[in-house]
Every structure is written in structure tokens, then in C-alpha cells.
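Q: Structure: protein-v4.cif, mmCIF, N, CA and C atoms.
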```
data_entry
loop_
_atom_site.label_atom_id
_atom_site.label_comp_id
_atom_site.auth_asym_id
_atom_site.auth_seq_id
_atom_site.Cartn_x
_atom_site.Cartn_y
_atom_site.Cartn_z
N GLN A 1 -6.43 95.66 106.96
CA GLN A 1 -6.66 94.75 105.85
C GLN A 1 -7.78 95.31 104.97
N VAL A 2 -7.48 95.52 103.71
CA VAL A 2 -8.46 96.02 102.77
C VAL A 2 -9.47 94.91 102.46
N GLN A 3 -10.74 95.22 102.59
CA GLN A 3 -11.76 94.20 102.39
C GLN A 3 -13.03 94.80 101.82
N LEU A 4 -13.65 94.06 100.92
CA LEU A 4 -14.96 94.39 100.35
C LEU A 4 -15.85 93.17 100.52
N VAL A 5 -17.04 93.38 101.07
CA VAL A 5 -17.95 92.26 101.31
C VAL A 5 -19.32 92.60 100.74
N GLU A 6 -19.73 91.84 99.72
CA GLU A 6 -21.02 92.05 99.07
C GLU A 6 -22.12 91.27 99.78
N SER A 7 -23.33 91.78 99.66
CA SER A 7 -24.51 91.08 100.15
C SER A 7 -25.72 91.54 99.35
N GLY A 8 -26.82 90.80 99.49
CA GLY A 8 -28.06 91.21 98.87
C GLY A 8 -28.44 90.45 97.62
N GLY A 9 -27.59 89.54 97.17
CA GLY A 9 -27.95 88.75 96.01
C GLY A 9 -29.02 87.73 96.33
N GLY A 10 -29.50 87.07 95.31
CA GLY A 10 -30.52 86.05 95.50
C GLY A 10 -31.26 85.76 94.23
N TRP A 11 -32.42 85.14 94.38
CA TRP A 11 -33.27 84.79 93.24
C TRP A 11 -34.42 85.76 93.14
N VAL A 12 -34.74 86.15 91.91
CA VAL A 12 -35.86 87.05 91.69
C VAL A 12 -36.49 86.71 90.34
N GLN A 13 -37.77 86.93 90.23
CA GLN A 13 -38.45 86.70 88.96
C GLN A 13 -38.18 87.86 87.99
N PRO A 14 -38.30 87.61 86.69
CA PRO A 14 -38.13 88.69 85.71
C PRO A 14 -39.05 89.87 86.04
N GLY A 15 -38.49 91.07 85.93
CA GLY A 15 -39.22 92.27 86.28
C GLY A 15 -39.05 92.69 87.73
N GLY A 16 -38.44 91.85 88.52
CA GLY A 16 -38.26 92.14 89.93
C GLY A 16 -37.05 93.02 90.22
N SER A 17 -36.83 93.26 91.50
CA SER A 17 -35.77 94.16 91.93
C SER A 17 -34.94 93.51 93.04
N LEU A 18 -33.69 93.92 93.09
CA LEU A 18 -32.79 93.57 94.18
C LEU A 18 -31.90 94.76 94.47
N ARG A 19 -31.43 94.84 95.71
CA ARG A 19 -30.48 95.87 96.08
C ARG A 19 -29.23 95.19 96.63
N LEU A 20 -28.12 95.37 95.95
CA LEU A 20 -26.86 94.84 96.42
C LEU A 20 -26.16 95.86 97.30
N SER A 21 -25.45 95.37 98.30
CA SER A 21 -24.67 96.21 99.18
C SER A 21 -23.23 95.72 99.21
N CYS A 22 -22.32 96.64 99.46
CA CYS A 22 -20.91 96.29 99.58
C CYS A 22 -20.33 97.07 100.76
N ALA A 23 -19.87 96.34 101.75
CA ALA A 23 -19.26 96.95 102.93
C ALA A 23 -17.75 97.01 102.74
N ALA A 24 -17.20 98.21 102.83
CA ALA A 24 -15.77 98.41 102.62
C ALA A 24 -15.06 98.66 103.95
N SER A 25 -13.85 98.17 104.06
CA SER A 25 -13.06 98.40 105.27
C SER A 25 -11.58 98.34 104.93
N GLY A 26 -10.77 98.95 105.78
CA GLY A 26 -9.32 98.88 105.62
C GLY A 26 -8.72 99.96 104.74
N PHE A 27 -9.53 100.87 104.25
CA PHE A 27 -9.01 101.99 103.45
C PHE A 27 -9.98 103.17 103.58
N VAL A 28 -9.52 104.32 103.13
CA VAL A 28 -10.35 105.53 103.23
C VAL A 28 -11.32 105.52 102.06
N PHE A 29 -12.50 105.01 102.32
CA PHE A 29 -13.51 104.74 101.29
C PHE A 29 -13.81 105.97 100.44
N SER A 30 -13.92 107.12 101.06
CA SER A 30 -14.34 108.32 100.34
C SER A 30 -13.32 108.79 99.32
N ARG A 31 -12.11 108.31 99.41
CA ARG A 31 -11.05 108.76 98.50
C ARG A 31 -10.98 107.96 97.21
N TYR A 32 -11.86 106.98 97.06
CA TYR A 32 -11.79 106.11 95.90
C TYR A 32 -13.09 106.07 95.12
N ALA A 33 -12.97 106.04 93.80
CA ALA A 33 -14.10 105.62 92.99
C ALA A 33 -14.39 104.16 93.31
N MET A 34 -15.65 103.77 93.15
CA MET A 34 -16.04 102.40 93.41
C MET A 34 -16.89 101.90 92.25
N SER A 35 -16.92 100.59 92.07
CA SER A 35 -17.64 100.06 90.92
C SER A 35 -18.26 98.70 91.21
N TRP A 36 -19.22 98.36 90.38
CA TRP A 36 -19.83 97.03 90.36
C TRP A 36 -19.52 96.38 89.02
N HIS A 37 -19.25 95.09 89.07
CA HIS A 37 -18.98 94.29 87.89
C HIS A 37 -19.78 93.01 88.00
N ARG A 38 -19.91 92.31 86.89
CA ARG A 38 -20.58 91.02 86.93
C ARG A 38 -19.87 90.04 86.01
N GLN A 39 -20.07 88.76 86.31
CA GLN A 39 -19.42 87.72 85.52
C GLN A 39 -20.32 86.50 85.43
N VAL A 40 -20.42 85.99 84.22
CA VAL A 40 -21.12 84.75 83.93
C VAL A 40 -20.07 83.69 83.64
N PRO A 41 -20.28 82.45 84.07
CA PRO A 41 -19.28 81.41 83.80
C PRO A 41 -18.92 81.34 82.33
N GLY A 42 -17.61 81.31 82.07
CA GLY A 42 -17.15 81.21 80.70
C GLY A 42 -17.01 82.53 79.97
N LYS A 43 -17.38 83.61 80.64
CA LYS A 43 -17.27 84.93 80.02
C LYS A 43 -16.42 85.84 80.90
N GLU A 44 -15.92 86.89 80.30
CA GLU A 44 -15.10 87.84 81.05
C GLU A 44 -15.96 88.67 81.99
N ARG A 45 -15.33 89.10 83.08
CA ARG A 45 -16.01 90.00 84.00
C ARG A 45 -16.22 91.34 83.29
N GLU A 46 -17.40 91.95 83.50
CA GLU A 46 -17.70 93.19 82.81
C GLU A 46 -18.16 94.25 83.79
N LEU A 47 -17.82 95.49 83.46
CA LEU A 47 -18.23 96.63 84.30
C LEU A 47 -19.73 96.85 84.17
N VAL A 48 -20.38 97.02 85.30
CA VAL A 48 -21.81 97.33 85.33
C VAL A 48 -22.01 98.83 85.59
N ALA A 49 -21.35 99.33 86.62
CA ALA A 49 -21.54 100.73 86.99
C ALA A 49 -20.36 101.20 87.82
N LEU A 50 -20.11 102.50 87.77
CA LEU A 50 -19.03 103.11 88.54
C LEU A 50 -19.50 104.42 89.11
N ILE A 51 -19.03 104.74 90.30
CA ILE A 51 -19.33 106.04 90.91
C ILE A 51 -18.02 106.66 91.35
N THR A 52 -17.84 107.92 91.01
CA THR A 52 -16.57 108.57 91.31
C THR A 52 -16.50 109.01 92.76
N ARG A 53 -15.32 109.33 93.19
CA ARG A 53 -15.15 109.93 94.52
C ARG A 53 -15.51 111.42 94.43
N PHE A 54 -15.78 112.02 95.53
CA PHE A 54 -16.04 113.45 95.71
C PHE A 54 -17.30 113.92 94.99
N THR A 55 -17.36 113.81 93.66
CA THR A 55 -18.50 114.38 92.93
C THR A 55 -19.64 113.39 92.74
N ASN A 56 -19.36 112.10 93.00
CA ASN A 56 -20.38 111.06 92.82
C ASN A 56 -20.95 111.02 91.40
N ASN A 57 -20.14 111.35 90.43
CA ASN A 57 -20.56 111.12 89.04
C ASN A 57 -20.67 109.62 88.79
N THR A 58 -21.60 109.25 87.92
CA THR A 58 -21.84 107.83 87.68
C THR A 58 -21.62 107.47 86.21
N GLU A 59 -21.33 106.22 86.00
CA GLU A 59 -21.11 105.66 84.66
C GLU A 59 -21.78 104.30 84.64
N TYR A 60 -22.51 104.01 83.57
CA TYR A 60 -23.23 102.74 83.47
C TYR A 60 -22.95 102.04 82.15
N ALA A 61 -22.93 100.73 82.20
CA ALA A 61 -22.91 99.95 80.97
C ALA A 61 -24.24 100.15 80.26
N ASP A 62 -24.20 100.11 78.94
CA ASP A 62 -25.42 100.34 78.16
C ASP A 62 -26.53 99.35 78.54
N PHE A 63 -26.16 98.13 78.89
CA PHE A 63 -27.17 97.11 79.13
C PHE A 63 -27.92 97.30 80.46
N VAL A 64 -27.50 98.25 81.30
CA VAL A 64 -28.22 98.49 82.55
C VAL A 64 -28.75 99.91 82.69
N LYS A 65 -28.45 100.76 81.71
CA LYS A 65 -28.90 102.15 81.80
C LYS A 65 -30.42 102.22 81.94
N GLY A 66 -30.84 103.03 82.90
CA GLY A 66 -32.27 103.20 83.14
C GLY A 66 -32.87 102.15 84.06
N ARG A 67 -32.12 101.10 84.37
CA ARG A 67 -32.63 100.04 85.25
C ARG A 67 -31.86 99.94 86.56
N PHE A 68 -30.56 100.16 86.52
CA PHE A 68 -29.72 100.04 87.71
C PHE A 68 -29.25 101.42 88.16
N THR A 69 -29.07 101.56 89.47
CA THR A 69 -28.57 102.79 90.04
C THR A 69 -27.47 102.48 91.06
N ILE A 70 -26.31 103.07 90.86
CA ILE A 70 -25.22 102.91 91.81
C ILE A 70 -25.22 104.11 92.76
N SER A 71 -24.93 103.85 94.02
CA SER A 71 -24.86 104.93 95.00
C SER A 71 -23.87 104.54 96.09
N ARG A 72 -23.52 105.52 96.90
CA ARG A 72 -22.57 105.27 97.98
C ARG A 72 -22.94 106.09 99.20
N ASP A 73 -22.55 105.60 100.37
CA ASP A 73 -22.71 106.33 101.61
C ASP A 73 -21.34 106.36 102.27
N ASN A 74 -20.66 107.47 102.15
CA ASN A 74 -19.30 107.58 102.68
C ASN A 74 -19.27 107.57 104.21
N THR A 75 -20.39 107.92 104.84
CA THR A 75 -20.43 107.91 106.31
C THR A 75 -20.46 106.48 106.85
N LYS A 76 -20.92 105.55 106.00
CA LYS A 76 -21.02 104.15 106.42
C LYS A 76 -20.05 103.24 105.68
N ASN A 77 -19.25 103.81 104.80
CA ASN A 77 -18.34 103.02 103.96
C ASN A 77 -19.09 101.93 103.19
N MET A 78 -20.18 102.32 102.59
CA MET A 78 -21.06 101.39 101.88
C MET A 78 -21.26 101.80 100.43
N LEU A 79 -21.30 100.81 99.57
CA LEU A 79 -21.62 100.97 98.16
C LEU A 79 -22.87 100.16 97.88
N TYR A 80 -23.74 100.69 97.00
CA TYR A 80 -25.00 100.03 96.71
C TYR A 80 -25.22 99.91 95.20
N LEU A 81 -26.03 98.93 94.83
CA LEU A 81 -26.50 98.82 93.46
C LEU A 81 -27.97 98.44 93.51
N GLN A 82 -28.82 99.39 93.17
CA GLN A 82 -30.25 99.13 93.06
C GLN A 82 -30.53 98.62 91.66
N MET A 83 -31.10 97.43 91.57
CA MET A 83 -31.35 96.81 90.28
C MET A 83 -32.85 96.60 90.12
N ASN A 84 -33.42 97.26 89.13
CA ASN A 84 -34.84 97.17 88.84
C ASN A 84 -35.07 96.51 87.50
N ASN A 85 -36.27 96.01 87.30
CA ASN A 85 -36.65 95.37 86.04
C ASN A 85 -35.60 94.34 85.61
N LEU A 86 -35.25 93.49 86.53
CA LEU A 86 -34.23 92.48 86.25
C LEU A 86 -34.73 91.49 85.21
N GLN A 87 -33.81 91.05 84.37
CA GLN A 87 -34.11 90.12 83.30
C GLN A 87 -33.20 88.89 83.41
N PRO A 88 -33.59 87.78 82.81
CA PRO A 88 -32.76 86.58 82.91
C PRO A 88 -31.31 86.79 82.50
N GLU A 89 -31.08 87.67 81.54
CA GLU A 89 -29.70 87.92 81.10
C GLU A 89 -28.88 88.69 82.13
N ASP A 90 -29.51 89.17 83.20
CA ASP A 90 -28.78 89.80 84.28
C ASP A 90 -28.24 88.78 85.29
N THR A 91 -28.60 87.52 85.12
CA THR A 91 -28.09 86.48 86.00
C THR A 91 -26.57 86.41 85.90
N ALA A 92 -25.92 86.53 87.05
CA ALA A 92 -24.46 86.57 87.10
C ALA A 92 -24.01 86.64 88.55
N VAL A 93 -22.73 86.52 88.75
CA VAL A 93 -22.12 86.86 90.05
C VAL A 93 -21.73 88.33 89.97
N TYR A 94 -22.16 89.09 90.94
CA TYR A 94 -21.89 90.52 90.96
C TYR A 94 -20.79 90.81 91.99
N PHE A 95 -19.83 91.60 91.56
CA PHE A 95 -18.67 91.93 92.37
C PHE A 95 -18.59 93.42 92.62
N CYS A 96 -18.23 93.75 93.83
CA CYS A 96 -17.90 95.11 94.20
C CYS A 96 -16.39 95.28 94.01
N ALA A 97 -15.95 96.47 93.59
CA ALA A 97 -14.52 96.70 93.39
C ALA A 97 -14.13 98.11 93.77
N ARG A 98 -12.92 98.23 94.23
CA ARG A 98 -12.36 99.56 94.46
C ARG A 98 -11.83 100.08 93.13
N SER A 99 -12.16 101.31 92.84
CA SER A 99 -11.84 101.91 91.53
C SER A 99 -12.42 101.00 90.44
N ARG A 100 -11.65 100.69 89.42
CA ARG A 100 -12.16 99.81 88.37
C ARG A 100 -11.72 98.38 88.55
N GLY A 101 -11.15 98.06 89.73
CA GLY A 101 -10.79 96.67 89.97
C GLY A 101 -9.42 96.47 90.60
N THR A 102 -9.01 97.38 91.47
CA THR A 102 -7.74 97.16 92.17
C THR A 102 -7.92 96.25 93.38
N VAL A 103 -9.13 96.22 93.93
CA VAL A 103 -9.49 95.32 95.03
C VAL A 103 -10.88 94.79 94.72
N TRP A 104 -11.10 93.49 95.00
CA TRP A 104 -12.37 92.85 94.68
C TRP A 104 -13.00 92.22 95.91
N GLY A 105 -14.34 92.22 95.91
CA GLY A 105 -15.04 91.43 96.89
C GLY A 105 -15.15 89.98 96.42
N GLN A 106 -15.84 89.17 97.21
CA GLN A 106 -15.95 87.75 96.88
C GLN A 106 -17.08 87.46 95.91
N GLY A 107 -17.98 88.42 95.74
CA GLY A 107 -19.08 88.27 94.80
C GLY A 107 -20.35 87.78 95.47
N THR A 108 -21.48 88.12 94.85
CA THR A 108 -22.78 87.65 95.31
C THR A 108 -23.60 87.24 94.08
N GLN A 109 -24.24 86.09 94.18
CA GLN A 109 -24.97 85.54 93.04
C GLN A 109 -26.34 86.19 92.90
N VAL A 110 -26.64 86.59 91.68
CA VAL A 110 -27.98 87.09 91.33
C VAL A 110 -28.54 86.17 90.25
N THR A 111 -29.71 85.61 90.52
CA THR A 111 -30.37 84.71 89.58
C THR A 111 -31.75 85.25 89.26
N VAL A 112 -32.01 85.43 87.97
CA VAL A 112 -33.30 85.95 87.52
C VAL A 112 -33.95 84.88 86.65
N SER A 113 -35.04 84.33 87.14
CA SER A 113 -35.73 83.29 86.39
C SER A 113 -37.16 83.18 86.88
N SER A 114 -37.97 82.58 86.04
CA SER A 114 -39.36 82.36 86.43
C SER A 114 -39.57 80.91 86.86
#
```
With the file now loaded, output its structure as C-alpha cells.
A:
Amino acid sequence: QVQLVESGGGWVQPGGSLRLSCAASGFVFSRYAMSWHRQVPGKERELVALITRFTNNTEYADFVKGRFTISRDNTKNMLYLQMNNLQPEDTAVYFCARSRGTVWGQGTQVTVSS
């Protein structure tokens, strides 16, 4: 059974940091690009970051460049998103996805407020 399970969300003050994790199972993790997306109620889900298979090239949305870092550990079937200097506008449900969205996790809530 193909499964993605996110963790690491929570509440943080502006300027703070969080690290999201995504545990993958049921497929050969190293053979797929992986991505993070986020969604705010009433808005479309948007790509945050993507990391390719094999070469680990990365792609970021303009609104997170320089603040967020996507990484993966193929030995553990894990995907990560390090989020620094979080701002209130980063508040959203964050989703892990295989490739650009062929399989989705259940999401983890990130809330940034003072």
C-alpha cells in the first residue's frame, strides 16, 4: 500500500522554524521525485518545493526561496522540509506528495502567529 505520512507541524511565532517530515512506504522511494505543497482554506493547493530523484536537484516557489530547504534520505524513505524565518502568510496545511502530486499524504498543519 502506497502511503505518505507527514509530521512535524505545529504552532510557531513569526521568525521561528519548523522541520516537517514525510515517511514514505509501499513504493521504491528513491525512484521518484518528491514534493511539498501547501493549502489554505478557500485557495488552491500550491507547490512549495520539489526534489528530483537521483541528482537531488531542487525547485522552490518564489515565496519560500532562501527560507525553506527540501531534502531527502533515501536510506530511510524520508522527505524533509526545513522551514526558517516563518511568517504568518506561511500558515497552511502542508502536504507531502510523490512526484508533483500522484500520491498525497494527509497533511500537517503549520500555524505562524504571535
Q: Calculated over all atoms listed in the file, which of the candidates A:Gly66, A:Gly15, A:Gly26, A:Pro88 has the smallest distance to Gln3 of chain A?
A: A:Gly26
Q: One decimal, in Å: what's the spacing between atom C of Val64 of chain A and atom C of Met34 of chain A?
A: 15.4 Å
Q: Any idea what the distance is between atom C of Arg45 of chain A and atom CA of Val103 of chain A?
A: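 One can read the atom C of Arg45 of chain A to atom CA of Val103 of chain A distance as 14.1 Å.
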Q: From the list A:Lys76, A:Ile51, A:Pro41, A:Ser7, which residue is nearest Arg19 of chain A when using all atoms listed in the file?
A: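 Ranking A:Lys76, A:Ile51, A:Pro41, A:Ser7 by distance to Arg19 of chain A, first place goes to A:Ser7.
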Q: Using DSSP secondary structure from the backbone, list all helix (DSSP H, G or I) positions within chain A, as a list in words.
A: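 Here is the list: Phe29, Ser30, Arg31, Asp62, Phe63, Val64, Pro88, Glu89 and Asp90 of chain A.
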Q: Next, the residues of the selection above should be written as a tab-separated table (two decimals), in the coordinates of the input with N, CA and C atoms.
A:
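Produced file out-v2.tsv, reproduced below:
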```tsv
chain	number	residue	atom	x	y	z
A	29	PHE	N	-12.50	105.01	102.32
A	29	PHE	CA	-13.51	104.74	101.29
A	29	PHE	C	-13.81	105.97	100.44
A	30	SER	N	-13.92	107.12	101.06
A	30	SER	CA	-14.34	108.32	100.34
A	30	SER	C	-13.32	108.79	99.32
A	31	ARG	N	-12.11	108.31	99.41
A	31	ARG	CA	-11.05	108.76	98.50
A	31	ARG	C	-10.98	107.96	97.21
A	62	ASP	N	-24.20	100.11	78.94
A	62	ASP	CA	-25.42	100.34	78.16
A	62	ASP	C	-26.53	99.35	78.54
A	63	PHE	N	-26.16	98.13	78.89
A	63	PHE	CA	-27.17	97.11	79.13
A	63	PHE	C	-27.92	97.30	80.46
A	64	VAL	N	-27.50	98.25	81.30
A	64	VAL	CA	-28.22	98.49	82.55
A	64	VAL	C	-28.75	99.91	82.69
A	88	PRO	N	-33.59	87.78	82.81
A	88	PRO	CA	-32.76	86.58	82.91
A	88	PRO	C	-31.31	86.79	82.50
A	89	GLU	N	-31.08	87.67	81.54
A	89	GLU	CA	-29.70	87.92	81.10
A	89	GLU	C	-28.88	88.69	82.13
A	90	ASP	N	-29.51	89.17	83.20
A	90	ASP	CA	-28.78	89.80	84.28
A	90	ASP	C	-28.24	88.78	85.29
```
Q: Rounded to one decimal, what separation in Å do you get between atom C of Gln1 of chain A and atom C of Cys96 of chain A?
A: 13.9 Å
Q: Counting all atoms listed in the file, what is within 8 Å of Gly8 of chain A, bar same-chain residues fewer than 4 positions away, as an mmCIF file with N, CA and C atoms, in the frame of the given file?
A:
```cif
data_model
loop_
_atom_site.group_PDB
_atom_site.id
_atom_site.type_symbol
_atom_site.label_atom_id
_atom_site.label_comp_id
_atom_site.auth_asym_id
_atom_site.auth_seq_id
_atom_site.Cartn_x
_atom_site.Cartn_y
_atom_site.Cartn_z
ATOM 1 N N LEU A 18 -33.690 93.920 93.090
ATOM 2 C CA LEU A 18 -32.790 93.570 94.180
ATOM 3 C C LEU A 18 -31.900 94.760 94.470
ATOM 4 N N ARG A 19 -31.430 94.840 95.710
ATOM 5 C CA ARG A 19 -30.480 95.870 96.080
ATOM 6 C C ARG A 19 -29.230 95.190 96.630
ATOM 7 N N LEU A 20 -28.120 95.370 95.950
ATOM 8 C CA LEU A 20 -26.860 94.840 96.420
ATOM 9 C C LEU A 20 -26.160 95.860 97.300
ATOM 10 N N SER A 21 -25.450 95.370 98.300
ATOM 11 C CA SER A 21 -24.670 96.210 99.180
ATOM 12 C C SER A 21 -23.230 95.720 99.210
ATOM 13 N N CYS A 22 -22.320 96.640 99.460
ATOM 14 C CA CYS A 22 -20.910 96.290 99.580
ATOM 15 C C CYS A 22 -20.330 97.070 100.760
ATOM 16 N N THR A 108 -21.480 88.120 94.850
ATOM 17 C CA THR A 108 -22.780 87.650 95.310
ATOM 18 C C THR A 108 -23.600 87.240 94.080
ATOM 19 N N GLN A 109 -24.240 86.090 94.180
ATOM 20 C CA GLN A 109 -24.970 85.540 93.040
ATOM 21 C C GLN A 109 -26.340 86.190 92.900
ATOM 22 N N VAL A 110 -26.640 86.590 91.680
ATOM 23 C CA VAL A 110 -27.980 87.090 91.330
ATOM 24 C C VAL A 110 -28.540 86.170 90.250
#
```
Q: Got a sec to tell me which of chain A DSSP assigns to strand (DSSP E), as number ranges by chain?
A: A: 3-7, 10-12, 18-25, 34-39, 46-51, 58-60, 68-73, 78-83, 92-98, 103-104, 108-112
Q: Given the file shown, enumerate the residues that the PyMOL selection byres ((chain A and resi 17) around 8) captures and present them as an MDAnalysis selection string.
A: chainID A and resid 11:16 18:20 82:86
Q: Excluding Ala49 of chain A and its own-chain neighbours fewer than 4 positions away, which residues fall within 7 Å of it when counting only N, CA and C atoms? Please give them as a count of residues only.
A: 9
Q: Out of A:Gln39, A:Ser25, A:Val2, A:Leu79, which residue has the shortest atom-to-atom distance to Phe95 of chain A when counting only N, CA and C atoms?
A: A:Gln39
Q: Given only C-alpha atoms as the basis, pick out the residue of A:Leu47, A:Leu81, A:Glu6, A:Thr75 nearest to Asp62 of chain A.
A: A:Leu47
Q: Which residue, A:Arg72, A:Ser113, A:Arg67, A:Trp104, has the smallest gap to Glu89 of chain A when you use all atoms listed in the file?
A: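 That would be A:Ser113, the residue with the smallest distance to Glu89 of chain A.
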Q: I need the residue set behind the PyMOL selection byres ((chain A and resi 54) around 7) for this file; please write it as a PyMOL selection string.
A: chain A and resi 30-33+52-53+55-57
Q: Could segment 56-65 of chain A be completed with all heavy atoms and returned as a tab-separated table (two decimals), keeping the file's coordinate frame?
A:
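The resulting rebuild_14.tsv:
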```tsv
chain	number	residue	atom	x	y	z
A	56	ASN	N	-19.36	112.10	93.00
A	56	ASN	CA	-20.38	111.06	92.82
A	56	ASN	C	-20.95	111.02	91.40
A	56	ASN	O	-22.12	110.68	91.20
A	56	ASN	CB	-21.52	111.22	93.82
A	56	ASN	CG	-21.10	110.79	95.22
A	56	ASN	OD1	-20.04	110.21	95.42
A	56	ASN	ND2	-21.93	111.09	96.19
A	57	ASN	N	-20.14	111.35	90.43
A	57	ASN	CA	-20.56	111.12	89.04
A	57	ASN	C	-20.67	109.62	88.79
A	57	ASN	O	-19.93	108.83	89.38
A	57	ASN	CB	-19.56	111.74	88.08
A	57	ASN	CG	-19.60	113.26	88.10
A	57	ASN	OD1	-20.62	113.86	88.41
A	57	ASN	ND2	-18.50	113.89	87.75
A	58	THR	N	-21.60	109.25	87.92
A	58	THR	CA	-21.84	107.83	87.68
A	58	THR	C	-21.62	107.47	86.21
A	58	THR	O	-21.75	108.32	85.31
A	58	THR	CB	-23.26	107.43	88.10
A	58	THR	OG1	-24.20	108.25	87.40
A	58	THR	CG2	-23.43	107.58	89.59
A	59	GLU	N	-21.33	106.22	86.00
A	59	GLU	CA	-21.11	105.66	84.66
A	59	GLU	C	-21.78	104.30	84.64
A	59	GLU	O	-21.62	103.52	85.58
A	59	GLU	CB	-19.60	105.53	84.40
A	59	GLU	CG	-19.20	104.80	83.17
A	59	GLU	CD	-17.68	104.60	83.09
A	59	GLU	OE1	-16.93	105.44	83.61
A	59	GLU	OE2	-17.27	103.57	82.54
A	60	TYR	N	-22.51	104.01	83.57
A	60	TYR	CA	-23.23	102.74	83.47
A	60	TYR	C	-22.95	102.04	82.15
A	60	TYR	O	-22.79	102.69	81.11
A	60	TYR	CB	-24.74	102.97	83.58
A	60	TYR	CG	-25.19	103.48	84.92
A	60	TYR	CD1	-25.38	104.84	85.14
A	60	TYR	CD2	-25.43	102.61	85.97
A	60	TYR	CE1	-25.79	105.32	86.37
A	60	TYR	CE2	-25.83	103.07	87.21
A	60	TYR	CZ	-26.01	104.43	87.40
A	60	TYR	OH	-26.41	104.90	88.63
A	61	ALA	N	-22.93	100.73	82.20
A	61	ALA	CA	-22.91	99.95	80.97
A	61	ALA	C	-24.24	100.15	80.26
A	61	ALA	O	-25.28	100.33	80.89
A	61	ALA	CB	-22.70	98.48	81.29
A	62	ASP	N	-24.20	100.11	78.94
A	62	ASP	CA	-25.42	100.34	78.16
A	62	ASP	C	-26.53	99.35	78.54
A	62	ASP	O	-27.70	99.71	78.53
A	62	ASP	CB	-25.11	100.23	76.66
A	62	ASP	CG	-24.35	101.44	76.14
A	62	ASP	OD1	-24.33	102.47	76.82
A	62	ASP	OD2	-23.78	101.32	75.04
A	63	PHE	N	-26.16	98.13	78.89
A	63	PHE	CA	-27.17	97.11	79.13
A	63	PHE	C	-27.92	97.30	80.46
A	63	PHE	O	-28.87	96.58	80.73
A	63	PHE	CB	-26.58	95.70	79.04
A	63	PHE	CG	-25.36	95.47	79.89
A	63	PHE	CD1	-25.46	95.24	81.25
A	63	PHE	CD2	-24.10	95.48	79.32
A	63	PHE	CE1	-24.34	95.02	82.03
A	63	PHE	CE2	-22.95	95.26	80.08
A	63	PHE	CZ	-23.08	95.04	81.44
A	64	VAL	N	-27.50	98.25	81.30
A	64	VAL	CA	-28.22	98.49	82.55
A	64	VAL	C	-28.75	99.91	82.69
A	64	VAL	O	-29.44	100.24	83.66
A	64	VAL	CB	-27.35	98.17	83.78
A	64	VAL	CG1	-26.88	96.72	83.73
A	64	VAL	CG2	-26.19	99.13	83.93
A	65	LYS	N	-28.45	100.76	81.71
A	65	LYS	CA	-28.90	102.15	81.80
A	65	LYS	C	-30.42	102.22	81.94
A	65	LYS	O	-31.16	101.56	81.22
A	65	LYS	CB	-28.45	102.92	80.57
A	65	LYS	CG	-26.99	103.33	80.60
A	65	LYS	CD	-26.62	104.14	79.36
A	65	LYS	CE	-25.15	104.54	79.41
A	65	LYS	NZ	-24.74	105.27	78.18
```
